[in-house]
>>> print(open('query_36.pdb').read())   # PDB, C-alpha atoms
ATOM      1  CA  MET E  21     111.551 104.094 108.374
ATOM      2  CA  ASP E  22     111.459 101.410 111.065
ATOM      3  CA  THR E  23     115.112 101.480 112.161
ATOM      4  CA  MET E  24     117.454 104.025 113.710
ATOM      5  CA  HIS E  25     120.957 104.346 115.096
ATOM      6  CA  ALA E  26     121.226 103.804 118.832
ATOM      7  CA  VAL E  27     123.688 103.015 121.601
ATOM      8  CA  ARG E  28     122.689  99.778 123.321
ATOM      9  CA  GLY E  29     123.935  97.389 125.980
ATOM     10  CA  HIS E  30     123.160  93.726 125.395
ATOM     11  CA  GLN E  31     124.372  92.512 128.782
ATOM     12  CA  ARG E  32     124.787  94.214 132.111
ATOM     13  CA  GLY E  33     128.079  95.993 132.634
ATOM     14  CA  GLY E  34     129.957  99.240 132.169
ATOM     15  CA  PRO E  35     130.846 101.380 129.172
ATOM     16  CA  ASP E  36     132.595  98.439 127.517
ATOM     17  CA  GLN E  37     129.187  96.815 127.003
ATOM     18  CA  LEU E  38     127.791  99.710 124.956
ATOM     19  CA  VAL E  39     127.565  99.314 121.181
ATOM     20  CA  TYR E  40     126.607 101.896 118.538
ATOM     21  CA  GLU E  41     124.378 100.018 116.117
ATOM     22  CA  VAL E  42     121.210  99.927 114.055
ATOM     23  CA  ALA E  43     118.157  99.169 116.203
ATOM     24  CA  PRO E  44     114.367  99.067 115.816
ATOM     25  CA  ARG E  45     112.712 102.462 115.942
ATOM     26  CA  PRO E  46     110.249 102.562 118.871
ATOM     27  CA  VAL E  47     106.525 103.068 118.382
ATOM     28  CA  PRO E  48     104.730 105.329 120.886
ATOM     29  CA  GLY E  49     101.974 103.652 122.891
ATOM     30  CA  PRO E  50      98.966 105.224 124.603
ATOM     31  CA  GLY E  51      99.948 108.421 126.391
ATOM     32  CA  GLU E  52     103.394 108.456 124.776
ATOM     33  CA  VAL E  53     105.140 110.539 122.145
ATOM     34  CA  LEU E  54     107.989 109.636 119.838
ATOM     35  CA  VAL E  55     110.791 112.154 120.280
ATOM     36  CA  ALA E  56     113.373 112.761 117.569
ATOM     37  CA  VAL E  57     116.352 113.141 119.879
ATOM     38  CA  ARG E  58     118.636 116.108 119.346
ATOM     39  CA  SER E  59     120.713 115.822 122.540
ATOM     40  CA  ALA E  60     120.946 113.449 125.490
ATOM     41  CA  SER E  61     122.796 113.941 128.755
ATOM     42  CA  ILE E  62     124.441 111.155 130.748
ATOM     43  CA  THR E  63     124.885 110.641 134.474
ATOM     44  CA  SER E  64     127.685 109.217 136.591
ATOM     45  CA  GLY E  65     126.811 105.748 137.909
ATOM     46  CA  GLU E  66     123.891 105.309 135.527
ATOM     47  CA  LEU E  67     125.203 102.035 134.106
ATOM     48  CA  GLY E  68     125.283 100.577 137.616
ATOM     49  CA  TRP E  69     121.632 101.271 138.416
ATOM     50  CA  ASP E  70     119.317  98.266 138.641
ATOM     51  CA  ALA E  71     116.631 100.334 136.917
ATOM     52  CA  THR E  72     118.876 100.753 133.874
ATOM     53  CA  TRP E  73     118.940  97.011 133.227
ATOM     54  CA  THR E  74     115.673  95.697 134.709
ATOM     55  CA  ASP E  75     112.068  96.810 135.073
ATOM     56  CA  SER E  76     112.461  97.535 138.810
ATOM     57  CA  PHE E  77     114.517  99.861 140.986
ATOM     58  CA  ASP E  78     115.872  97.089 143.231
ATOM     59  CA  GLY E  79     116.813  94.627 140.510
ATOM     60  CA  SER E  80     114.112  92.139 141.477
ATOM     61  CA  GLY E  81     112.241  92.564 138.203
ATOM     62  CA  SER E  82     112.808  91.079 134.800
ATOM     63  CA  PRO E  83     115.940  91.900 132.774
ATOM     64  CA  ARG E  84     115.329  94.555 130.127
ATOM     65  CA  VAL E  85     118.035  94.010 127.523
ATOM     66  CA  PRO E  86     119.166  95.285 125.161
ATOM     67  CA  ILE E  87     118.912  98.679 126.861
ATOM     68  CA  VAL E  88     119.388 102.211 125.598
ATOM     69  CA  PRO E  89     121.027 104.463 128.248
ATOM     70  CA  ALA E  90     120.819 108.234 128.899
ATOM     71  CA  LYS E  91     117.623 109.337 130.649
ATOM     72  CA  GLU E  92     117.923 113.065 129.901
ATOM     73  CA  VAL E  93     116.444 114.080 126.581
ATOM     74  CA  SER E  94     115.861 117.132 124.457
ATOM     75  CA  GLY E  95     114.365 116.918 121.009
ATOM     76  CA  GLN E  96     111.321 117.372 118.836
ATOM     77  CA  VAL E  97     107.998 115.557 118.924
ATOM     78  CA  ALA E  98     107.934 113.330 115.827
ATOM     79  CA  GLN E  99     104.759 111.324 116.451
ATOM     80  CA  LEU E 100     101.884 111.284 118.935
ATOM     81  CA  GLY E 101     100.634 108.061 120.454
ATOM     82  CA  PRO E 102      96.946 107.505 121.223
ATOM     83  CA  GLU E 103      95.356 109.630 123.961
ATOM     84  CA  VAL E 104      98.037 112.339 123.970
ATOM     85  CA  THR E 105      96.908 115.913 124.533
ATOM     86  CA  GLY E 106      98.795 119.125 125.179
ATOM     87  CA  LEU E 107     101.645 118.411 122.743
ATOM     88  CA  SER E 108     101.849 118.588 118.944
ATOM     89  CA  VAL E 109     104.145 117.154 116.304
ATOM     90  CA  GLY E 110     107.022 119.582 115.867
ATOM     91  CA  ASP E 111     107.082 120.826 119.475
ATOM     92  CA  ASP E 112     110.557 121.156 120.982
ATOM     93  CA  VAL E 113     110.478 119.338 124.331
ATOM     94  CA  PHE E 114     112.811 118.202 127.087
ATOM     95  CA  GLY E 115     112.464 115.920 130.055
ATOM     96  CA  LEU E 116     113.650 113.115 132.295
ATOM     97  CA  ILE E 117     112.768 109.649 131.033
ATOM     98  CA  PRO E 118     111.554 107.212 133.739
ATOM     99  CA  PHE E 119     114.509 105.119 134.846
ATOM    100  CA  THR E 120     113.014 101.719 134.011
ATOM    101  CA  ARG E 121     112.517 102.681 130.356
ATOM    102  CA  ASP E 122     114.944 102.946 127.457
ATOM    103  CA  GLY E 123     116.751 106.242 127.318
ATOM    104  CA  ALA E 124     117.744 108.839 124.756
ATOM    105  CA  ALA E 125     121.090 107.614 123.401
ATOM    106  CA  ALA E 126     119.351 106.996 120.093
ATOM    107  CA  GLU E 127     117.884 108.889 117.180
ATOM    108  CA  PHE E 128     114.359 108.317 118.541
ATOM    109  CA  THR E 129     112.857 107.457 121.912
ATOM    110  CA  ALA E 130     109.287 106.860 123.090
ATOM    111  CA  VAL E 131     108.505 108.891 126.215
ATOM    112  CA  PRO E 132     105.388 109.355 128.376
ATOM    113  CA  ALA E 133     103.999 112.710 127.296
ATOM    114  CA  ASP E 134     103.289 113.835 130.850
ATOM    115  CA  VAL E 135     106.990 113.941 131.827
ATOM    116  CA  LEU E 136     107.950 116.285 128.989
ATOM    117  CA  ALA E 137     107.900 120.080 129.089
ATOM    118  CA  VAL E 138     108.113 122.544 126.229
ATOM    119  CA  LYS E 139     111.704 123.689 125.776
ATOM    120  CA  PRO E 140     112.352 127.423 126.132
ATOM    121  CA  ALA E 141     113.113 128.837 122.697
ATOM    122  CA  GLU E 142     116.323 130.498 123.906
ATOM    123  CA  LEU E 143     117.687 127.243 125.376
ATOM    124  CA  ASP E 144     119.478 125.007 122.881
ATOM    125  CA  HIS E 145     119.021 121.243 122.922
ATOM    126  CA  ASP E 146     122.406 120.558 124.521
ATOM    127  CA  GLY E 147     121.566 122.869 127.406
ATOM    128  CA  ALA E 148     118.054 121.485 127.777
ATOM    129  CA  ALA E 149     119.347 117.907 127.990
ATOM    130  CA  ALA E 150     121.920 118.976 130.565
ATOM    131  CA  LEU E 151     119.222 120.656 132.627
ATOM    132  CA  THR E 152     116.862 117.747 133.191
ATOM    133  CA  LEU E 153     118.101 115.180 135.719
ATOM    134  CA  ALA E 154     120.571 117.393 137.543
ATOM    135  CA  GLY E 155     118.240 120.379 137.574
ATOM    136  CA  LEU E 156     115.286 118.338 138.763
ATOM    137  CA  THR E 157     117.437 116.736 141.459
ATOM    138  CA  ALA E 158     118.548 120.131 142.735
ATOM    139  CA  TRP E 159     115.009 121.577 142.646
ATOM    140  CA  GLN E 160     113.338 118.599 144.309
ATOM    141  CA  GLY E 161     116.040 118.267 146.971
ATOM    142  CA  LEU E 162     116.044 121.937 147.906
ATOM    143  CA  VAL E 163     112.343 122.726 147.547
ATOM    144  CA  HIS E 164     110.341 119.528 148.087
ATOM    145  CA  HIS E 165     112.594 117.715 150.560
ATOM    146  CA  GLY E 166     114.486 120.627 152.095
ATOM    147  CA  GLY E 167     111.680 123.190 152.254
ATOM    148  CA  LEU E 168     114.078 125.955 151.228
ATOM    149  CA  THR E 169     112.899 129.536 151.744
ATOM    150  CA  ALA E 170     114.503 132.871 150.938
ATOM    151  CA  GLY E 171     117.043 134.065 153.474
ATOM    152  CA  GLN E 172     118.160 130.627 154.610
ATOM    153  CA  ARG E 173     121.775 129.462 154.693
ATOM    154  CA  VAL E 174     122.646 126.497 152.455
ATOM    155  CA  LEU E 175     125.757 124.331 152.219
ATOM    156  CA  VAL E 176     126.169 122.392 148.961
ATOM    157  CA  HIS E 177     128.691 119.552 148.885
ATOM    158  CA  GLY E 178     130.275 119.104 145.463
ATOM    159  CA  GLY E 179     129.366 122.509 144.075
ATOM    160  CA  ALA E 180     131.191 122.028 140.754
ATOM    161  CA  GLY E 181     129.560 118.714 139.848
ATOM    162  CA  GLY E 182     126.610 118.000 137.602
ATOM    163  CA  VAL E 183     123.999 118.197 140.363
ATOM    164  CA  GLY E 184     125.944 120.454 142.697
ATOM    165  CA  SER E 185     126.336 123.174 140.064
ATOM    166  CA  PHE E 186     122.551 123.313 139.725
ATOM    167  CA  ALA E 187     121.979 123.192 143.483
ATOM    168  CA  VAL E 188     124.184 126.261 143.949
ATOM    169  CA  GLN E 189     122.316 128.162 141.236
ATOM    170  CA  VAL E 190     118.819 127.138 142.332
ATOM    171  CA  ALA E 191     119.488 127.916 145.998
ATOM    172  CA  ALA E 192     120.907 131.344 145.106
ATOM    173  CA  ALA E 193     118.035 132.041 142.707
ATOM    174  CA  LEU E 194     115.545 131.277 145.491
ATOM    175  CA  GLY E 195     117.194 133.804 147.774
ATOM    176  CA  ALA E 196     119.448 131.612 149.907
ATOM    177  CA  SER E 197     122.974 132.421 151.067
ATOM    178  CA  VAL E 198     125.081 129.627 149.585
ATOM    179  CA  THR E 199     128.338 128.052 150.701
ATOM    180  CA  ALA E 200     129.756 125.196 148.609
ATOM    181  CA  THR E 201     132.588 122.721 148.875
ATOM    182  CA  ALA E 202     134.795 122.303 145.808
ATOM    183  CA  SER E 203     138.422 121.928 144.810
ATOM    184  CA  ALA E 204     140.587 125.026 144.887
ATOM    185  CA  ALA E 205     140.781 124.868 141.084
ATOM    186  CA  ASP E 206     136.987 125.054 140.851
ATOM    187  CA  ALA E 207     136.506 127.848 143.388
ATOM    188  CA  GLU E 208     135.996 130.684 140.903
ATOM    189  CA  PHE E 209     133.692 128.546 138.765
ATOM    190  CA  VAL E 210     131.489 127.814 141.794
ATOM    191  CA  ARG E 211     131.471 131.445 142.898
ATOM    192  CA  ALA E 212     130.285 132.384 139.416
ATOM    193  CA  LEU E 213     127.347 130.025 139.929
ATOM    194  CA  GLY E 214     126.216 132.058 142.933
ATOM    195  CA  ALA E 215     128.119 130.702 145.937
ATOM    196  CA  GLU E 216     129.107 133.423 148.390
ATOM    197  CA  HIS E 217     131.726 131.224 150.045
ATOM    198  CA  VAL E 218     133.659 128.251 148.644
ATOM    199  CA  VAL E 219     135.466 125.808 150.933
ATOM    200  CA  ASP E 220     138.408 123.883 149.473
ATOM    201  CA  TYR E 221     137.550 120.348 150.545
ATOM    202  CA  ALA E 222     141.159 119.212 150.138
ATOM    203  CA  GLY E 223     142.705 121.920 152.287
ATOM    204  CA  GLU E 224     139.965 122.973 154.719
ATOM    205  CA  ARG E 225     137.369 121.337 156.915
ATOM    206  CA  PHE E 226     134.002 122.846 156.132
ATOM    207  CA  GLU E 227     132.815 122.427 159.734
ATOM    208  CA  ASP E 228     135.538 124.891 160.760
ATOM    209  CA  GLN E 229     134.295 127.436 158.227
ATOM    210  CA  VAL E 230     130.510 127.469 158.598
ATOM    211  CA  LYS E 231     127.931 127.055 161.375
ATOM    212  CA  GLY E 232     124.188 127.569 161.755
ATOM    213  CA  ILE E 233     123.340 126.134 158.359
ATOM    214  CA  ASP E 234     119.634 125.663 157.573
ATOM    215  CA  LEU E 235     120.052 123.111 154.771
ATOM    216  CA  VAL E 236     122.902 120.864 153.665
ATOM    217  CA  PHE E 237     122.583 119.464 150.139
ATOM    218  CA  ASP E 238     124.808 116.396 149.953
ATOM    219  CA  THR E 239     126.020 115.066 146.594
ATOM    220  CA  VAL E 240     129.161 113.427 148.045
ATOM    221  CA  GLY E 241     128.163 111.134 150.928
ATOM    222  CA  GLY E 242     130.605 109.314 153.179
ATOM    223  CA  ASP E 243     132.539 111.295 155.763
ATOM    224  CA  SER E 244     131.330 114.620 154.360
ATOM    225  CA  GLN E 245     127.748 113.590 155.047
ATOM    226  CA  THR E 246     128.543 112.437 158.589
ATOM    227  CA  ARG E 247     130.406 115.642 159.458
ATOM    228  CA  SER E 248     127.573 117.762 158.074
ATOM    229  CA  TRP E 249     125.519 117.326 161.253
ATOM    230  CA  GLN E 250     128.049 119.562 163.000
ATOM    231  CA  VAL E 251     127.152 122.607 160.903
ATOM    232  CA  LEU E 252     123.344 122.327 160.961
ATOM    233  CA  ARG E 253     121.250 124.420 163.312
ATOM    234  CA  PRO E 254     118.562 122.678 165.398
ATOM    235  CA  GLY E 255     115.631 122.206 163.053
ATOM    236  CA  GLY E 256     117.864 122.224 159.974
ATOM    237  CA  VAL E 257     117.852 119.476 157.358
ATOM    238  CA  LEU E 258     120.469 117.309 155.673
ATOM    239  CA  VAL E 259     119.232 116.289 152.220
ATOM    240  CA  SER E 260     121.265 113.598 150.460
ATOM    241  CA  ILE E 261     121.109 112.056 147.014
ATOM    242  CA  VAL E 262     123.854 109.543 147.908
ATOM    243  CA  ALA E 263     122.624 107.545 150.907
ATOM    244  CA  PRO E 264     120.097 107.878 153.758
ATOM    245  CA  PRO E 265     121.698 110.047 156.470
ATOM    246  CA  ASP E 266     122.463 108.433 159.828
ATOM    247  CA  THR E 267     120.308 110.557 162.126
ATOM    248  CA  SER E 268     121.884 109.234 165.330
ATOM    249  CA  ARG E 269     124.095 112.343 165.295
ATOM    250  CA  ALA E 270     121.411 114.728 164.076
ATOM    251  CA  GLY E 271     121.238 116.802 167.251
ATOM    252  CA  GLY E 272     117.819 118.283 166.562
ATOM    253  CA  ALA E 273     118.187 118.403 162.772
ATOM    254  CA  ARG E 274     116.515 115.985 160.375
ATOM    255  CA  GLY E 275     117.728 113.909 157.473
ATOM    256  CA  ALA E 276     116.209 113.145 154.078
ATOM    257  CA  PHE E 277     117.219 110.899 151.199
ATOM    258  CA  PHE E 278     115.457 110.816 147.841
ATOM    259  CA  VAL E 279     115.671 109.683 144.241
ATOM    260  CA  VAL E 280     114.738 112.262 141.623
ATOM    261  CA  GLU E 281     111.449 111.748 139.793
ATOM    262  CA  PRO E 282     110.339 112.918 136.344
ATOM    263  CA  ASN E 283     108.060 115.923 136.827
ATOM    264  CA  ARG E 284     106.739 118.339 134.194
ATOM    265  CA  THR E 285     105.772 121.014 136.732
ATOM    266  CA  ASP E 286     109.265 121.100 138.217
ATOM    267  CA  LEU E 287     110.794 121.278 134.732
ATOM    268  CA  THR E 288     108.595 124.263 134.005
ATOM    269  CA  GLU E 289     109.929 125.976 137.144
ATOM    270  CA  LEU E 290     113.490 125.323 135.999
ATOM    271  CA  ALA E 291     112.644 126.705 132.558
ATOM    272  CA  ARG E 292     111.305 129.840 134.253
ATOM    273  CA  LEU E 293     114.583 130.294 136.140
ATOM    274  CA  PHE E 294     116.478 129.929 132.868
ATOM    275  CA  GLU E 295     114.273 132.515 131.182
ATOM    276  CA  THR E 296     114.894 134.994 134.011
ATOM    277  CA  GLY E 297     118.647 134.520 133.685
ATOM    278  CA  THR E 298     119.167 132.965 137.122
ATOM    279  CA  LEU E 299     119.883 129.408 135.952
ATOM    280  CA  THR E 300     122.360 128.332 133.265
ATOM    281  CA  PRO E 301     123.141 124.705 132.386
ATOM    282  CA  ARG E 302     126.854 124.046 132.759
ATOM    283  CA  ILE E 303     128.222 121.647 130.152
ATOM    284  CA  ASP E 304     131.615 120.022 130.532
ATOM    285  CA  ARG E 305     131.706 118.544 127.034
ATOM    286  CA  VAL E 306     129.572 117.549 124.054
ATOM    287  CA  VAL E 307     130.410 114.341 122.195
ATOM    288  CA  PRO E 308     128.859 112.567 119.179
ATOM    289  CA  LEU E 309     126.368 109.786 119.865
ATOM    290  CA  LYS E 310     128.684 107.173 118.362
ATOM    291  CA  ASP E 311     131.278 107.991 121.045
ATOM    292  CA  ALA E 312     128.871 107.357 123.932
ATOM    293  CA  ALA E 313     130.875 104.445 125.367
ATOM    294  CA  ARG E 314     133.976 106.629 125.641
ATOM    295  CA  ALA E 315     131.902 109.435 127.141
ATOM    296  CA  TYR E 316     130.583 107.115 129.863
ATOM    297  CA  ALA E 317     134.119 105.907 130.606
ATOM    298  CA  ALA E 318     135.363 109.491 130.885
ATOM    299  CA  LEU E 319     132.448 110.340 133.154
ATOM    300  CA  GLU E 320     133.717 107.848 135.731
ATOM    301  CA  ALA E 321     137.437 108.525 135.369
ATOM    302  CA  GLU E 322     137.871 112.263 134.791
ATOM    303  CA  HIS E 323     137.193 115.402 136.793
ATOM    304  CA  ARG E 324     134.569 117.571 135.163
ATOM    305  CA  ARG E 325     132.623 120.792 135.561
ATOM    306  CA  GLY E 326     128.964 120.336 134.741
ATOM    307  CA  LYS E 327     127.290 117.760 132.520
ATOM    308  CA  VAL E 328     128.417 115.524 129.655
ATOM    309  CA  VAL E 329     126.073 115.670 126.648
ATOM    310  CA  LEU E 330     125.666 113.353 123.667
ATOM    311  CA  ARG E 331     124.946 115.231 120.426
ATOM    312  CA  VAL E 332     122.496 113.030 118.536
ATOM    313  CA  SER E 333     121.264 115.232 115.699
TER     314      SER E 333
END
>>> encode(input="query_36.pdb", output="C-alpha cells")
Amino acid sequence: MDTMHAVRGHQRGGPDQLVYEVAPRPVPGPGEVLVAVRSASITSGELGWDATWTDSFDGSGSPRVPIVPAKEVSGQVAQLGPEVTGLSVGDDVFGLIPFTRDGAAAEFTAVPADVLAVKPAELDHDGAAALTLAGLTAWQGLVHHGGLTAGQRVLVHGGAGGVGSFAVQVAAALGASVTATASAADAEFVRALGAEHVVDYAGERFEDQVKGIDLVFDTVGGDSQTRSWQVLRPGGVLVSIVAPPDTSRAGGARGAFFVVEPNRTDLTELARLFETGTLTPRIDRVVPLKDAARAYAALEAEHRRGKVVLRVS
C-alpha cells in the first residue's frame, strides 16, 4: 500500500485550505520510523506558523506544500527506517513532530525516532496526543526556563486552556502553590487541576489578588503579560510562550520567551507524572480526521477546555 488518507493544505491559508484526500504514504528515512497514526492533536494558531508551510521558522526557507498539519501524534510503529534503535514495530509511541515537517493529520507519518517516547499502557491514544505539545510546553517553561522548585508560588495565565491546563497540573505536581487566571465559568475546572486560587480575569485584576510570585507562566500575552511584573518578587521570572517580555518594567525579576522543542526525555517525565496520577490530559473534543478543517475553525472561534483531538484510527 503506497497511499493513505490525509488532510493537506495545498496553499498557505487557514482551515478553508485544508482538504481530506488520498495522498502518498511516506517512507521513513535514516533515523526515522513510520507511525500508523491513531490520534493527532491540533494547536491554536498552527496554520499561521511559518514552520507549518516552509522549511524554516521565520518563513525565509522554501515553501513546503502540500503540507499535513497537526504536530502532536500518538500511534503505533509500523516500519523502521535505517539506523533506528530502541524502538520496534508494534510499539505504541507518542511525541511532538518537528515543526518544519509534515504532521499527523494522516493515516501514517514519518517521524524522527529520537523524538518519540513509549506511550504508557494506561494512557489511550487520544490522551497521549493531547499530552505532547501542551505538556512539553508546560514542562519546559516551568522547569527548564523557569527553574521551578517545590514550595514556590506560581501564577498561570489562561489556566483552562490547552497549555495552561497542563501548566497548572505540572506546577502543582512539582510542589508549587498555584494561582491561575480563568473565566468565572472555568473556575471549578481549574481548581480541579490543582490551582489553589483562581482569579476571574473578567471581573478581577490579578495584581490586586496576588503578590510575591516566584514564577509567572504566560499563555495570554498583551496587557496581562505587562501587568505581571507587578506581582513578581525580586529574582522571580516571567516565562512567556506568546512574546518576549519587555523587561524595562522587570524591577529585579527576569523575563524568558521560548518555543517548545520535541524532547523524548521530557515526554518520559510527563508520562511518569501521568502514571503517578498527578497529570491528566484534558480533552475538549474528539473529531474524525475527515472533519479536521472544521476542527481547526472551531479551535480559533470557540471557547474550549483542554485540547482538540483528531481521531485517525
>>> residues_around(input="query_36.pdb", residues="Leu290 of chain E", least_positions_apart="2", cutoff="8 Å", atoms="only C-alpha atoms", output="ChimeraX atom specification")
/E:155-156,159,286-288,292-294,299
>>> write_last_selection(input="query_36.pdb", atoms="C-alpha atoms", output="PDB file, keeping the file's coordinate frame")
ATOM      1  CA  GLY E 155     118.240 120.379 137.574  1.00  0.00           C
ATOM      2  CA  LEU E 156     115.286 118.338 138.763  1.00  0.00           C
ATOM      3  CA  TRP E 159     115.009 121.577 142.646  1.00  0.00           C
ATOM      4  CA  ASP E 286     109.265 121.100 138.217  1.00  0.00           C
ATOM      5  CA  LEU E 287     110.794 121.278 134.732  1.00  0.00           C
ATOM      6  CA  THR E 288     108.595 124.263 134.005  1.00  0.00           C
ATOM      7  CA  ARG E 292     111.305 129.840 134.253  1.00  0.00           C
ATOM      8  CA  LEU E 293     114.583 130.294 136.140  1.00  0.00           C
ATOM      9  CA  PHE E 294     116.478 129.929 132.868  1.00  0.00           C
ATOM     10  CA  LEU E 299     119.883 129.408 135.952  1.00  0.00           C
TER      11      LEU E 299
END
>>> resolve_selection(input="query_36.pdb", expression="the PyMOL selection byres ((chain E and resi 279) around 10)", output="PyMOL selection string")
chain E and resi 157+160-161+260-263+277-278+280-281
>>> residues_around(input="query_36.pdb", residues="Thr300 of chain E", least_positions_apart="6", cutoff="10 Å", atoms="only C-alpha atoms", output="PyMOL selection string")
chain E and resi 143+147-148+150-151+155+185-186+189-190+213+290-291+293-294
>>> atom_distance(input="query_36.pdb", atom1="atom CA of Arg305 of chain E", atom2="atom CA of Glu320 of chain E")
13.9 Å
>>> atom_distance(input="query_36.pdb", atom1="atom CA of Ala215 of chain E", atom2="atom CA of Ala200 of chain E")
6.3 Å
>>> axis_aligned_box(input="query_36.pdb", around="segment 124-136 of chain E", padding_each_side="6 Å", output="JSON")
{"center_x": 112.2, "center_y": 111.6, "center_z": 124.5, "size_x": 29.8, "size_y": 21.4, "size_z": 26.6}
>>> closest_residue(input="query_36.pdb", among="E:Leu38, E:Ala133, E:Val329, E:Ala26", to="Pro50 of chain E", atoms="all atoms listed in the file")
E:Ala133
>>> residues_around(input="query_36.pdb", residues="segment 192-195 of chain E", least_positions_apart="2", cutoff="10 Å", atoms="only C-alpha atoms", output="list in words")
Leu162, Val163, Leu168, Thr169, Ala170, Gly171, Gln172, Arg173, Val174, Phe186, Ala187, Val188, Gln189, Val190, Ser197, Val198, Thr199, Leu213, Gly214, Ala215, Glu216, Leu293, Thr296, Gly297, Thr298 and Leu299 of chain E
>>> write_last_selection(input="query_36.pdb", atoms="C-alpha atoms", output="PDB file, in the frame of the given file")
ATOM      1  CA  LEU E 162     116.044 121.937 147.906  1.00  0.00           C
ATOM      2  CA  VAL E 163     112.343 122.726 147.547  1.00  0.00           C
ATOM      3  CA  LEU E 168     114.078 125.955 151.228  1.00  0.00           C
ATOM      4  CA  THR E 169     112.899 129.536 151.744  1.00  0.00           C
ATOM      5  CA  ALA E 170     114.503 132.871 150.938  1.00  0.00           C
ATOM      6  CA  GLY E 171     117.043 134.065 153.474  1.00  0.00           C
ATOM      7  CA  GLN E 172     118.160 130.627 154.610  1.00  0.00           C
ATOM      8  CA  ARG E 173     121.775 129.462 154.693  1.00  0.00           C
ATOM      9  CA  VAL E 174     122.646 126.497 152.455  1.00  0.00           C
ATOM     10  CA  PHE E 186     122.551 123.313 139.725  1.00  0.00           C
ATOM     11  CA  ALA E 187     121.979 123.192 143.483  1.00  0.00           C
ATOM     12  CA  VAL E 188     124.184 126.261 143.949  1.00  0.00           C
ATOM     13  CA  GLN E 189     122.316 128.162 141.236  1.00  0.00           C
ATOM     14  CA  VAL E 190     118.819 127.138 142.332  1.00  0.00           C
ATOM     15  CA  SER E 197     122.974 132.421 151.067  1.00  0.00           C
ATOM     16  CA  VAL E 198     125.081 129.627 149.585  1.00  0.00           C
ATOM     17  CA  THR E 199     128.338 128.052 150.701  1.00  0.00           C
ATOM     18  CA  LEU E 213     127.347 130.025 139.929  1.00  0.00           C
ATOM     19  CA  GLY E 214     126.216 132.058 142.933  1.00  0.00           C
ATOM     20  CA  ALA E 215     128.119 130.702 145.937  1.00  0.00           C
ATOM     21  CA  GLU E 216     129.107 133.423 148.390  1.00  0.00           C
ATOM     22  CA  LEU E 293     114.583 130.294 136.140  1.00  0.00           C
ATOM     23  CA  THR E 296     114.894 134.994 134.011  1.00  0.00           C
ATOM     24  CA  GLY E 297     118.647 134.520 133.685  1.00  0.00           C
ATOM     25  CA  THR E 298     119.167 132.965 137.122  1.00  0.00           C
ATOM     26  CA  LEU E 299     119.883 129.408 135.952  1.00  0.00           C
TER      27      LEU E 299
END
>>> atom_distance(input="query_36.pdb", atom1="atom CA of Val88 of chain E", atom2="atom CA of Pro264 of chain E")
28.7 Å
>>> resolve_selection(input="query_36.pdb", expression="the PyMOL selection byres ((chain E and resi 317) around 12)", output="PyMOL selection string")
chain E and resi 33-38+62-67+311-316+318-323+328
>>> closest_residue(input="query_36.pdb", among="E:Arg211, E:His25, E:Arg274, E:His30", to="Thr129 of chain E", atoms="all atoms listed in the file")
E:His25
>>> residues_around(input="query_36.pdb", residues="Arg32 of chain E", least_positions_apart="6", cutoff="10 Å", atoms="only C-alpha atoms", output="number ranges by chain")
E: 38, 67-70, 72-74, 83-87
>>> decode(input="query_36.pdb", residues="segment 226-237 of chain E", atoms="N, CA and C atoms", output="mmCIF file, in the first residue's frame")
data_model
loop_
_atom_site.group_PDB
_atom_site.id
_atom_site.type_symbol
_atom_site.label_atom_id
_atom_site.label_comp_id
_atom_site.auth_asym_id
_atom_site.auth_seq_id
_atom_site.Cartn_x
_atom_site.Cartn_y
_atom_site.Cartn_z
ATOM 1 N N PHE E 226 -5.713 40.550 38.592
ATOM 2 C CA PHE E 226 -4.901 39.573 39.325
ATOM 3 C C PHE E 226 -3.850 40.244 40.202
ATOM 4 N N GLU E 227 -3.373 41.427 39.791
ATOM 5 C CA GLU E 227 -2.346 42.110 40.588
ATOM 6 C C GLU E 227 -2.905 42.623 41.912
ATOM 7 N N ASP E 228 -4.226 42.681 42.044
ATOM 8 C CA ASP E 228 -4.838 43.036 43.321
ATOM 9 C C ASP E 228 -5.038 41.818 44.211
ATOM 10 N N GLN E 229 -4.875 40.629 43.646
ATOM 11 C CA GLN E 229 -5.155 39.398 44.371
ATOM 12 C C GLN E 229 -3.900 38.669 44.850
ATOM 13 N N VAL E 230 -2.802 38.806 44.131
ATOM 14 C CA VAL E 230 -1.596 38.059 44.467
ATOM 15 C C VAL E 230 -0.369 38.969 44.434
ATOM 16 N N LYS E 231 0.600 38.644 45.277
ATOM 17 C CA LYS E 231 1.892 39.341 45.314
ATOM 18 C C LYS E 231 2.967 38.315 45.645
ATOM 19 N N GLY E 232 4.224 38.679 45.452
ATOM 20 C CA GLY E 232 5.331 37.820 45.842
ATOM 21 C C GLY E 232 5.413 36.527 45.070
ATOM 22 N N ILE E 233 5.011 36.569 43.811
ATOM 23 C CA ILE E 233 5.021 35.370 42.977
ATOM 24 C C ILE E 233 6.459 35.061 42.523
ATOM 25 N N ASP E 234 6.807 33.775 42.541
ATOM 26 C CA ASP E 234 8.145 33.360 42.094
ATOM 27 C C ASP E 234 8.210 33.189 40.577
ATOM 28 N N LEU E 235 7.097 32.715 39.978
ATOM 29 C CA LEU E 235 7.121 32.403 38.548
ATOM 30 C C LEU E 235 5.749 32.684 37.959
ATOM 31 N N VAL E 236 5.724 33.498 36.912
ATOM 32 C CA VAL E 236 4.509 33.707 36.124
ATOM 33 C C VAL E 236 4.667 32.940 34.821
ATOM 34 N N PHE E 237 3.680 32.090 34.518
ATOM 35 C CA PHE E 237 3.665 31.365 33.243
ATOM 36 C C PHE E 237 2.589 32.006 32.390
#
